[in-house]
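One file, upload.txt, carrying compact mmCIF, N, CA and C atoms and all ligand atoms:
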# COMPACT_ATOMS: atom_id res chain seq x y z
N MET N 1 55.03 -8.56 67.99
CA MET N 1 55.99 -7.56 67.51
C MET N 1 55.27 -6.24 67.23
N SER N 2 55.88 -5.14 67.63
CA SER N 2 55.24 -3.84 67.45
C SER N 2 55.25 -3.43 65.97
N PRO N 3 54.26 -2.61 65.59
CA PRO N 3 54.20 -2.18 64.18
C PRO N 3 55.49 -1.46 63.75
N ASN N 4 56.11 -0.76 64.70
CA ASN N 4 57.35 -0.06 64.36
C ASN N 4 58.48 -1.05 64.03
N ASP N 5 58.58 -2.09 64.85
CA ASP N 5 59.60 -3.11 64.59
C ASP N 5 59.35 -3.75 63.23
N LEU N 6 58.09 -4.07 62.99
CA LEU N 6 57.74 -4.70 61.71
C LEU N 6 58.17 -3.83 60.55
N LYS N 7 57.90 -2.53 60.66
CA LYS N 7 58.28 -1.60 59.59
C LYS N 7 59.78 -1.59 59.40
N ARG N 8 60.50 -1.65 60.53
CA ARG N 8 61.96 -1.61 60.48
C ARG N 8 62.48 -2.86 59.74
N TYR N 9 61.91 -4.01 60.07
CA TYR N 9 62.36 -5.24 59.39
C TYR N 9 61.96 -5.25 57.92
N GLN N 10 60.78 -4.72 57.66
CA GLN N 10 60.34 -4.67 56.27
C GLN N 10 61.32 -3.84 55.44
N LYS N 11 61.77 -2.71 56.01
CA LYS N 11 62.71 -1.84 55.31
C LYS N 11 64.03 -2.58 55.08
N LYS N 12 64.49 -3.25 56.15
CA LYS N 12 65.74 -4.02 56.06
C LYS N 12 65.65 -5.08 54.96
N LEU N 13 64.51 -5.76 54.94
CA LEU N 13 64.33 -6.85 53.97
C LEU N 13 64.28 -6.29 52.55
N GLU N 14 63.62 -5.15 52.39
CA GLU N 14 63.55 -4.57 51.06
C GLU N 14 64.94 -4.13 50.59
N GLU N 15 65.75 -3.63 51.54
CA GLU N 15 67.13 -3.26 51.19
C GLU N 15 67.92 -4.50 50.78
N LEU N 16 67.69 -5.58 51.52
CA LEU N 16 68.38 -6.83 51.20
C LEU N 16 68.03 -7.29 49.78
N VAL N 17 66.74 -7.20 49.44
CA VAL N 17 66.32 -7.61 48.10
C VAL N 17 67.10 -6.83 47.05
N SER N 18 67.21 -5.50 47.21
CA SER N 18 67.89 -4.75 46.16
C SER N 18 69.40 -5.00 46.20
N ASP N 19 69.98 -5.19 47.40
CA ASP N 19 71.40 -5.53 47.49
C ASP N 19 71.69 -6.82 46.74
N ILE N 20 70.87 -7.84 47.02
CA ILE N 20 71.12 -9.15 46.42
C ILE N 20 70.91 -9.08 44.91
N GLU N 21 69.84 -8.39 44.50
CA GLU N 21 69.59 -8.29 43.06
C GLU N 21 70.73 -7.55 42.36
N ASN N 22 71.26 -6.53 43.02
CA ASN N 22 72.42 -5.83 42.47
C ASN N 22 73.61 -6.75 42.32
N TYR N 23 73.87 -7.51 43.39
CA TYR N 23 75.01 -8.43 43.34
C TYR N 23 74.84 -9.43 42.20
N LEU N 24 73.64 -9.97 42.08
CA LEU N 24 73.42 -10.99 41.05
C LEU N 24 73.61 -10.40 39.66
N LYS N 25 73.22 -9.14 39.49
CA LYS N 25 73.38 -8.48 38.20
C LYS N 25 74.88 -8.28 37.92
N LYS N 26 75.57 -7.74 38.95
CA LYS N 26 76.98 -7.41 38.77
C LYS N 26 77.85 -8.65 38.54
N SER N 27 77.50 -9.75 39.21
CA SER N 27 78.37 -10.93 39.18
C SER N 27 78.08 -11.83 37.99
N LYS N 28 77.08 -11.45 37.20
CA LYS N 28 76.68 -12.30 36.09
C LYS N 28 77.86 -12.60 35.16
N GLU N 29 78.65 -11.55 34.91
CA GLU N 29 79.75 -11.70 33.98
C GLU N 29 80.83 -12.64 34.52
N SER N 30 81.19 -12.44 35.80
CA SER N 30 82.23 -13.29 36.38
C SER N 30 81.78 -14.73 36.49
N ALA N 31 80.46 -14.95 36.49
CA ALA N 31 79.96 -16.31 36.60
C ALA N 31 79.91 -17.01 35.25
N ALA N 32 80.06 -16.24 34.19
CA ALA N 32 80.02 -16.83 32.85
C ALA N 32 81.24 -17.74 32.66
N ALA N 33 81.11 -18.68 31.77
CA ALA N 33 82.17 -19.66 31.57
C ALA N 33 83.50 -18.98 31.21
N VAL N 34 84.59 -19.55 31.71
CA VAL N 34 85.91 -19.02 31.37
C VAL N 34 86.23 -19.43 29.94
N GLU N 35 86.51 -18.43 29.12
CA GLU N 35 86.83 -18.72 27.71
C GLU N 35 88.14 -19.50 27.64
N PRO N 36 88.19 -20.56 26.85
CA PRO N 36 89.43 -21.35 26.77
C PRO N 36 90.58 -20.58 26.11
N ASP N 37 90.27 -19.66 25.20
CA ASP N 37 91.37 -19.00 24.50
C ASP N 37 91.38 -17.51 24.78
N LYS N 38 91.42 -17.18 26.08
CA LYS N 38 91.43 -15.77 26.45
C LYS N 38 92.86 -15.25 26.52
N GLY N 39 93.83 -16.07 26.09
CA GLY N 39 95.21 -15.64 26.18
C GLY N 39 95.76 -15.76 27.58
N LEU N 40 95.03 -16.52 28.44
CA LEU N 40 95.51 -16.72 29.80
C LEU N 40 96.49 -17.89 29.80
N GLY N 41 97.48 -17.80 30.64
CA GLY N 41 98.37 -18.94 30.83
C GLY N 41 97.63 -20.04 31.56
N ARG N 42 98.28 -21.22 31.67
CA ARG N 42 97.64 -22.37 32.30
C ARG N 42 97.28 -22.05 33.75
N LEU N 43 98.21 -21.45 34.47
CA LEU N 43 97.98 -21.16 35.88
C LEU N 43 96.87 -20.13 36.08
N SER N 44 96.95 -19.06 35.30
CA SER N 44 95.94 -18.02 35.51
C SER N 44 94.57 -18.50 35.05
N ARG N 45 94.56 -19.45 34.10
CA ARG N 45 93.26 -19.99 33.72
C ARG N 45 92.67 -20.80 34.88
N MET N 46 93.55 -21.54 35.57
CA MET N 46 93.08 -22.29 36.74
C MET N 46 92.55 -21.33 37.80
N GLU N 47 93.27 -20.24 38.00
CA GLU N 47 92.81 -19.25 38.97
C GLU N 47 91.48 -18.66 38.55
N ALA N 48 91.38 -18.36 37.28
CA ALA N 48 90.12 -17.78 36.78
C ALA N 48 88.97 -18.75 37.00
N MET N 49 89.26 -20.06 36.82
CA MET N 49 88.19 -21.05 37.02
C MET N 49 87.84 -21.19 38.50
N GLN N 50 88.86 -21.06 39.36
CA GLN N 50 88.57 -21.11 40.79
C GLN N 50 87.72 -19.92 41.21
N ASP N 51 88.09 -18.74 40.71
CA ASP N 51 87.29 -17.55 41.00
C ASP N 51 85.87 -17.75 40.53
N GLN N 52 85.74 -18.31 39.34
CA GLN N 52 84.41 -18.52 38.77
C GLN N 52 83.59 -19.45 39.68
N GLN N 53 84.24 -20.52 40.18
CA GLN N 53 83.55 -21.44 41.07
C GLN N 53 83.06 -20.72 42.32
N MET N 54 83.92 -19.83 42.86
CA MET N 54 83.53 -19.11 44.05
C MET N 54 82.35 -18.19 43.79
N VAL N 55 82.39 -17.52 42.65
CA VAL N 55 81.30 -16.62 42.30
C VAL N 55 80.01 -17.43 42.12
N LEU N 56 80.13 -18.59 41.46
CA LEU N 56 78.94 -19.42 41.24
C LEU N 56 78.34 -19.87 42.56
N GLU N 57 79.23 -20.28 43.49
CA GLU N 57 78.75 -20.75 44.78
C GLU N 57 78.07 -19.61 45.54
N LEU N 58 78.71 -18.44 45.52
CA LEU N 58 78.14 -17.29 46.22
C LEU N 58 76.79 -16.91 45.60
N ARG N 59 76.73 -16.96 44.27
CA ARG N 59 75.47 -16.63 43.60
C ARG N 59 74.36 -17.61 44.00
N ARG N 60 74.73 -18.90 44.11
CA ARG N 60 73.75 -19.90 44.54
C ARG N 60 73.21 -19.53 45.92
N ARG N 61 74.16 -19.19 46.83
CA ARG N 61 73.75 -18.86 48.18
C ARG N 61 72.87 -17.61 48.20
N LYS N 62 73.26 -16.61 47.41
CA LYS N 62 72.51 -15.35 47.38
C LYS N 62 71.10 -15.56 46.82
N LYS N 63 71.02 -16.45 45.82
CA LYS N 63 69.69 -16.71 45.24
C LYS N 63 68.78 -17.35 46.26
N ARG N 64 69.35 -18.29 47.04
CA ARG N 64 68.57 -18.93 48.08
C ARG N 64 68.13 -17.89 49.11
N GLN N 65 69.09 -17.02 49.49
CA GLN N 65 68.77 -15.98 50.46
C GLN N 65 67.68 -15.05 49.93
N LEU N 66 67.74 -14.76 48.65
CA LEU N 66 66.74 -13.87 48.05
C LEU N 66 65.34 -14.47 48.19
N LEU N 67 65.24 -15.78 47.98
CA LEU N 67 63.94 -16.44 48.15
C LEU N 67 63.47 -16.31 49.60
N ASP N 68 64.41 -16.52 50.54
CA ASP N 68 64.05 -16.41 51.96
C ASP N 68 63.60 -15.00 52.30
N VAL N 69 64.32 -14.02 51.75
CA VAL N 69 63.99 -12.62 52.04
C VAL N 69 62.60 -12.29 51.50
N LYS N 70 62.32 -12.74 50.27
CA LYS N 70 61.00 -12.46 49.69
C LYS N 70 59.90 -13.16 50.47
N ASN N 71 60.22 -14.36 50.94
CA ASN N 71 59.30 -15.09 51.78
C ASN N 71 58.99 -14.33 53.07
N ALA N 72 60.05 -13.77 53.65
CA ALA N 72 59.89 -13.02 54.90
C ALA N 72 58.99 -11.81 54.68
N LEU N 73 59.15 -11.16 53.52
CA LEU N 73 58.28 -10.01 53.21
C LEU N 73 56.82 -10.46 53.10
N LYS N 74 56.62 -11.65 52.55
CA LYS N 74 55.27 -12.19 52.45
C LYS N 74 54.71 -12.45 53.85
N ARG N 75 55.59 -12.98 54.71
CA ARG N 75 55.13 -13.27 56.08
C ARG N 75 54.77 -12.00 56.83
N ILE N 76 55.44 -10.89 56.50
CA ILE N 76 55.05 -9.61 57.12
C ILE N 76 53.63 -9.26 56.69
N GLU N 77 53.36 -9.42 55.39
CA GLU N 77 52.02 -9.13 54.87
C GLU N 77 50.97 -10.01 55.54
N GLN N 78 51.34 -11.28 55.75
CA GLN N 78 50.39 -12.23 56.34
C GLN N 78 50.36 -12.13 57.86
N GLU N 79 51.13 -11.20 58.39
CA GLU N 79 51.18 -10.95 59.84
C GLU N 79 51.63 -12.16 60.64
N VAL N 80 52.54 -12.95 60.08
CA VAL N 80 53.09 -14.07 60.83
C VAL N 80 54.61 -13.93 60.96
N TYR N 81 55.10 -12.77 60.54
CA TYR N 81 56.55 -12.56 60.59
C TYR N 81 57.05 -12.56 62.03
N GLY N 82 58.20 -13.20 62.24
CA GLY N 82 58.80 -13.18 63.58
C GLY N 82 58.42 -14.38 64.42
N SER N 83 57.53 -15.24 63.89
CA SER N 83 57.19 -16.47 64.60
C SER N 83 57.90 -17.64 63.94
N CYS N 84 58.37 -18.56 64.76
CA CYS N 84 59.07 -19.73 64.24
C CYS N 84 58.13 -20.59 63.41
N LEU N 85 58.62 -21.04 62.27
CA LEU N 85 57.82 -21.85 61.35
C LEU N 85 57.43 -23.19 61.97
N PHE N 86 58.30 -23.69 62.86
CA PHE N 86 58.08 -25.03 63.42
C PHE N 86 57.35 -25.02 64.75
N CYS N 87 57.81 -24.19 65.69
CA CYS N 87 57.21 -24.25 67.02
C CYS N 87 56.33 -23.03 67.30
N ALA N 88 56.29 -22.06 66.36
CA ALA N 88 55.43 -20.88 66.47
C ALA N 88 55.83 -19.93 67.60
N LYS N 89 56.97 -20.20 68.25
CA LYS N 89 57.43 -19.26 69.26
C LYS N 89 58.00 -18.02 68.58
N THR N 90 58.05 -16.93 69.34
CA THR N 90 58.62 -15.69 68.80
C THR N 90 60.13 -15.85 68.62
N ILE N 91 60.60 -15.46 67.47
CA ILE N 91 62.04 -15.49 67.20
C ILE N 91 62.67 -14.28 67.88
N SER N 92 63.80 -14.46 68.52
CA SER N 92 64.40 -13.36 69.29
C SER N 92 64.82 -12.21 68.38
N ILE N 93 64.73 -11.01 68.93
CA ILE N 93 65.07 -9.80 68.19
C ILE N 93 66.53 -9.85 67.73
N ASP N 94 67.41 -10.36 68.61
CA ASP N 94 68.84 -10.47 68.26
C ASP N 94 69.01 -11.26 66.98
N ARG N 95 68.27 -12.36 66.93
CA ARG N 95 68.39 -13.25 65.78
C ARG N 95 67.85 -12.57 64.51
N LEU N 96 66.73 -11.90 64.66
CA LEU N 96 66.13 -11.22 63.50
C LEU N 96 67.00 -10.05 63.05
N ASP N 97 67.66 -9.40 64.01
CA ASP N 97 68.53 -8.29 63.62
C ASP N 97 69.70 -8.80 62.80
N ALA N 98 70.21 -9.95 63.17
CA ALA N 98 71.35 -10.51 62.44
C ALA N 98 70.91 -11.10 61.10
N PHE N 99 69.78 -11.81 61.11
CA PHE N 99 69.28 -12.45 59.88
C PHE N 99 67.79 -12.18 59.76
N PRO N 100 67.41 -11.04 59.21
CA PRO N 100 65.97 -10.70 59.19
C PRO N 100 65.12 -11.68 58.39
N GLU N 101 65.77 -12.54 57.58
CA GLU N 101 64.97 -13.45 56.76
C GLU N 101 64.74 -14.81 57.42
N VAL N 102 65.26 -15.03 58.64
CA VAL N 102 65.12 -16.36 59.24
C VAL N 102 63.66 -16.71 59.50
N GLN N 103 63.35 -18.00 59.39
CA GLN N 103 61.97 -18.45 59.61
C GLN N 103 61.85 -19.30 60.85
N THR N 104 62.99 -19.57 61.50
CA THR N 104 62.96 -20.49 62.64
C THR N 104 63.67 -19.87 63.84
N CYS N 105 63.27 -20.32 65.04
CA CYS N 105 63.96 -19.88 66.24
C CYS N 105 65.28 -20.65 66.38
N VAL N 106 66.10 -20.24 67.37
CA VAL N 106 67.41 -20.88 67.54
C VAL N 106 67.24 -22.39 67.77
N ASN N 107 66.23 -22.77 68.55
CA ASN N 107 66.06 -24.19 68.89
C ASN N 107 65.70 -25.05 67.69
N CYS N 108 64.95 -24.49 66.75
CA CYS N 108 64.50 -25.27 65.60
C CYS N 108 65.44 -25.15 64.40
N ALA N 109 66.41 -24.23 64.48
CA ALA N 109 67.29 -24.01 63.33
C ALA N 109 68.14 -25.25 63.04
ZN ZN F 201 61.09 -22.94 66.88
Is it possible to express this structure as structure tokens?
Ligand SMILES: [Zn+2]
Amino acid sequence: MSPNDLKRYQKKLEELVSDIENYLKKSKESAAAVEPDKGLGRLSRMEAMQDQQMVLELRRRKKRQLLDVKNALKRIEQEVYGSCLFCAKTISIDRLDAFPEVQTCVNCA
């Protein structure tokens, strides 16, 4: 991979880190437990709990992605970024453009 490409992915990954960290900060409140006596009716409390579940699930996914993104930044430093973790083949640019944090090629995914 050319140094320019590497720089481009590094920038993308750093943006991802701040996007995800922002989301995690912002969603903290919605992920907090639904208060039982918020004056919500039975139905809206159920909705609030469903929303909370969705936020929790999304936060779980984002946290996992954040680890992957930070890992990818480490791999750039170690000059192994863009190679598949399993077969060591080069990961396609298309794939990296869509998911810059991926560690595996299409075949090993
Ligand atoms: Zn592979």
**Request:** Have a look at N:Ala109, N:Val102, N:Cys87, N:Ala72 and name the one nearest to ligand ZN 201 (chain F); count only C-alpha atoms and all ligand atoms.
**Result:**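 Closest to ligand ZN 201 (chain F) of all the choices is N:Cys87.
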**Request:** Mind checking which residues fall within 8 Å of stretch 59-62 of chain N, counting only N, CA and C atoms, ignoring those fewer than 3 positions away in the same chain, and posting them as a list in words?
**Result:** Ile20, Glu21, Tyr23, Leu24, Ser27, Gln53, Met54, Val55, Leu56, Gln65, Leu66, Leu67 and Asp68 of chain N
**Prompt:** Please, which residues have at least one atom within 12 Å of an atom of ligand ZN 201 (chain F), using only C-alpha atoms and all ligand atoms, listed as a list in words?
**Reply:**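 So the residues close to ligand ZN 201 (chain F) are Gly82, Ser83, Cys84, Leu85, Phe86, Cys87, Ala88, Lys89, Thr90, Ile91, Ser92, Val102, Gln103, Thr104, Cys105, Val106, Asn107, Cys108 and Ala109 of chain N.
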Produce a table with one row for each residue of stretch 56-102 of chain N that has an atom at most 8 Å from any atom of stretch 2-11 of chain N, each row naming the nearest atom pair and its distance in Å at one decimal; use all atoms listed in the file; arrange rows by chain and rising residue number; format as CSV.
residue,atom,partner,partner_atom,distance
N:Ala72,C,N:Gln10,CA,7.4
N:Leu73,CA,N:Gln10,CA,6.5
N:Ile76,CA,N:Leu6,CA,7.2
N:Tyr81,C,N:Leu6,CA,7.9
N:Leu96,C,N:Tyr9,CA,7.6
N:Pro100,CA,N:Tyr9,CA,6.5
**Request:** Apply DSSP to the structure's backbone, then extract all residues of stretch 23-74 of chain N labelled alpha helix (DSSP H) and return them as a count of residues only.
**Result:** 41
Box dimensions and centre (Å, one decimal) enclosing stretch 66-74 of chain N, axis-aligned, 4 Å extra per side, as lines of an AutoDock Vina configuration file:
center_x = 61.2
center_y = -13.3
center_z = 51.4
size_x = 21.0
size_y = 14.5
size_z = 14.9
**Request:** Could you jot down the atom N of N:Glu47 to atom C of N:Val34 separation for me, Å, one decimal place?
**Result:**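 Calculated distance between atom N of N:Glu47 and atom C of N:Val34 is 10.7 Å.
Reported to one decimal place, the separation of atom CA of N:Val80 from atom CA of N:Met1 is 9.8 Å.
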**Item:** Coordinates-based distance that separates atom CA of N:Gln78 from atom CA of N:Glu15 (Å, one decimal)
**Value:**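 Separation of atom CA of N:Glu15 and atom CA of N:Gln78: 19.7 Å.
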**Request:** Find the residue from N:Glu77, N:Glu29, N:Asp51, N:Glu101 that sits nearest to N:Val17; use only C-alpha atoms when measuring.
**Result:** N:Glu101
When you get a chance, write out N, CA, C and O atoms for stretch 44-57 of chain N, as a PDB file, keeping the file's coordinate frame.
ATOM      1  N   SER N  44      96.950 -19.060  35.300  1.00  0.00           N
ATOM      2  CA  SER N  44      95.940 -18.020  35.510  1.00  0.00           C
ATOM      3  C   SER N  44      94.570 -18.500  35.050  1.00  0.00           C
ATOM      4  O   SER N  44      93.555 -18.050  35.564  1.00  0.00           O
ATOM      5  N   ARG N  45      94.560 -19.450  34.100  1.00  0.00           N
ATOM      6  CA  ARG N  45      93.260 -19.990  33.720  1.00  0.00           C
ATOM      7  C   ARG N  45      92.670 -20.800  34.880  1.00  0.00           C
ATOM      8  O   ARG N  45      91.483 -20.737  35.154  1.00  0.00           O
ATOM      9  N   MET N  46      93.550 -21.540  35.570  1.00  0.00           N
ATOM     10  CA  MET N  46      93.080 -22.290  36.740  1.00  0.00           C
ATOM     11  C   MET N  46      92.550 -21.330  37.800  1.00  0.00           C
ATOM     12  O   MET N  46      91.530 -21.584  38.428  1.00  0.00           O
ATOM     13  N   GLU N  47      93.270 -20.240  38.000  1.00  0.00           N
ATOM     14  CA  GLU N  47      92.810 -19.250  38.970  1.00  0.00           C
ATOM     15  C   GLU N  47      91.480 -18.660  38.550  1.00  0.00           C
ATOM     16  O   GLU N  47      90.572 -18.507  39.369  1.00  0.00           O
ATOM     17  N   ALA N  48      91.380 -18.360  37.280  1.00  0.00           N
ATOM     18  CA  ALA N  48      90.120 -17.780  36.780  1.00  0.00           C
ATOM     19  C   ALA N  48      88.970 -18.750  37.000  1.00  0.00           C
ATOM     20  O   ALA N  48      87.865 -18.350  37.361  1.00  0.00           O
ATOM     21  N   MET N  49      89.260 -20.060  36.820  1.00  0.00           N
ATOM     22  CA  MET N  49      88.190 -21.050  37.020  1.00  0.00           C
ATOM     23  C   MET N  49      87.840 -21.190  38.500  1.00  0.00           C
ATOM     24  O   MET N  49      86.678 -21.380  38.843  1.00  0.00           O
ATOM     25  N   GLN N  50      88.860 -21.060  39.360  1.00  0.00           N
ATOM     26  CA  GLN N  50      88.570 -21.110  40.790  1.00  0.00           C
ATOM     27  C   GLN N  50      87.720 -19.920  41.210  1.00  0.00           C
ATOM     28  O   GLN N  50      86.757 -20.068  41.962  1.00  0.00           O
ATOM     29  N   ASP N  51      88.090 -18.740  40.710  1.00  0.00           N
ATOM     30  CA  ASP N  51      87.290 -17.550  41.000  1.00  0.00           C
ATOM     31  C   ASP N  51      85.870 -17.750  40.530  1.00  0.00           C
ATOM     32  O   ASP N  51      84.917 -17.412  41.224  1.00  0.00           O
ATOM     33  N   GLN N  52      85.740 -18.310  39.340  1.00  0.00           N
ATOM     34  CA  GLN N  52      84.410 -18.520  38.770  1.00  0.00           C
ATOM     35  C   GLN N  52      83.590 -19.450  39.680  1.00  0.00           C
ATOM     36  O   GLN N  52      82.418 -19.206  39.932  1.00  0.00           O
ATOM     37  N   GLN N  53      84.240 -20.520  40.180  1.00  0.00           N
ATOM     38  CA  GLN N  53      83.550 -21.440  41.070  1.00  0.00           C
ATOM     39  C   GLN N  53      83.060 -20.720  42.320  1.00  0.00           C
ATOM     40  O   GLN N  53      81.947 -20.952  42.789  1.00  0.00           O
ATOM     41  N   MET N  54      83.920 -19.830  42.860  1.00  0.00           N
ATOM     42  CA  MET N  54      83.530 -19.110  44.050  1.00  0.00           C
ATOM     43  C   MET N  54      82.350 -18.190  43.790  1.00  0.00           C
ATOM     44  O   MET N  54      81.428 -18.101  44.588  1.00  0.00           O
ATOM     45  N   VAL N  55      82.390 -17.520  42.650  1.00  0.00           N
ATOM     46  CA  VAL N  55      81.300 -16.620  42.300  1.00  0.00           C
ATOM     47  C   VAL N  55      80.010 -17.430  42.120  1.00  0.00           C
ATOM     48  O   VAL N  55      78.949 -17.045  42.615  1.00  0.00           O
ATOM     49  N   LEU N  56      80.130 -18.590  41.460  1.00  0.00           N
ATOM     50  CA  LEU N  56      78.940 -19.420  41.240  1.00  0.00           C
ATOM     51  C   LEU N  56      78.340 -19.870  42.560  1.00  0.00           C
ATOM     52  O   LEU N  56      77.125 -19.845  42.746  1.00  0.00           O
ATOM     53  N   GLU N  57      79.230 -20.280  43.490  1.00  0.00           N
ATOM     54  CA  GLU N  57      78.750 -20.750  44.780  1.00  0.00           C
ATOM     55  C   GLU N  57      78.070 -19.610  45.540  1.00  0.00           C
ATOM     56  O   GLU N  57      76.998 -19.778  46.120  1.00  0.00           O
TER      57      GLU N  57
END
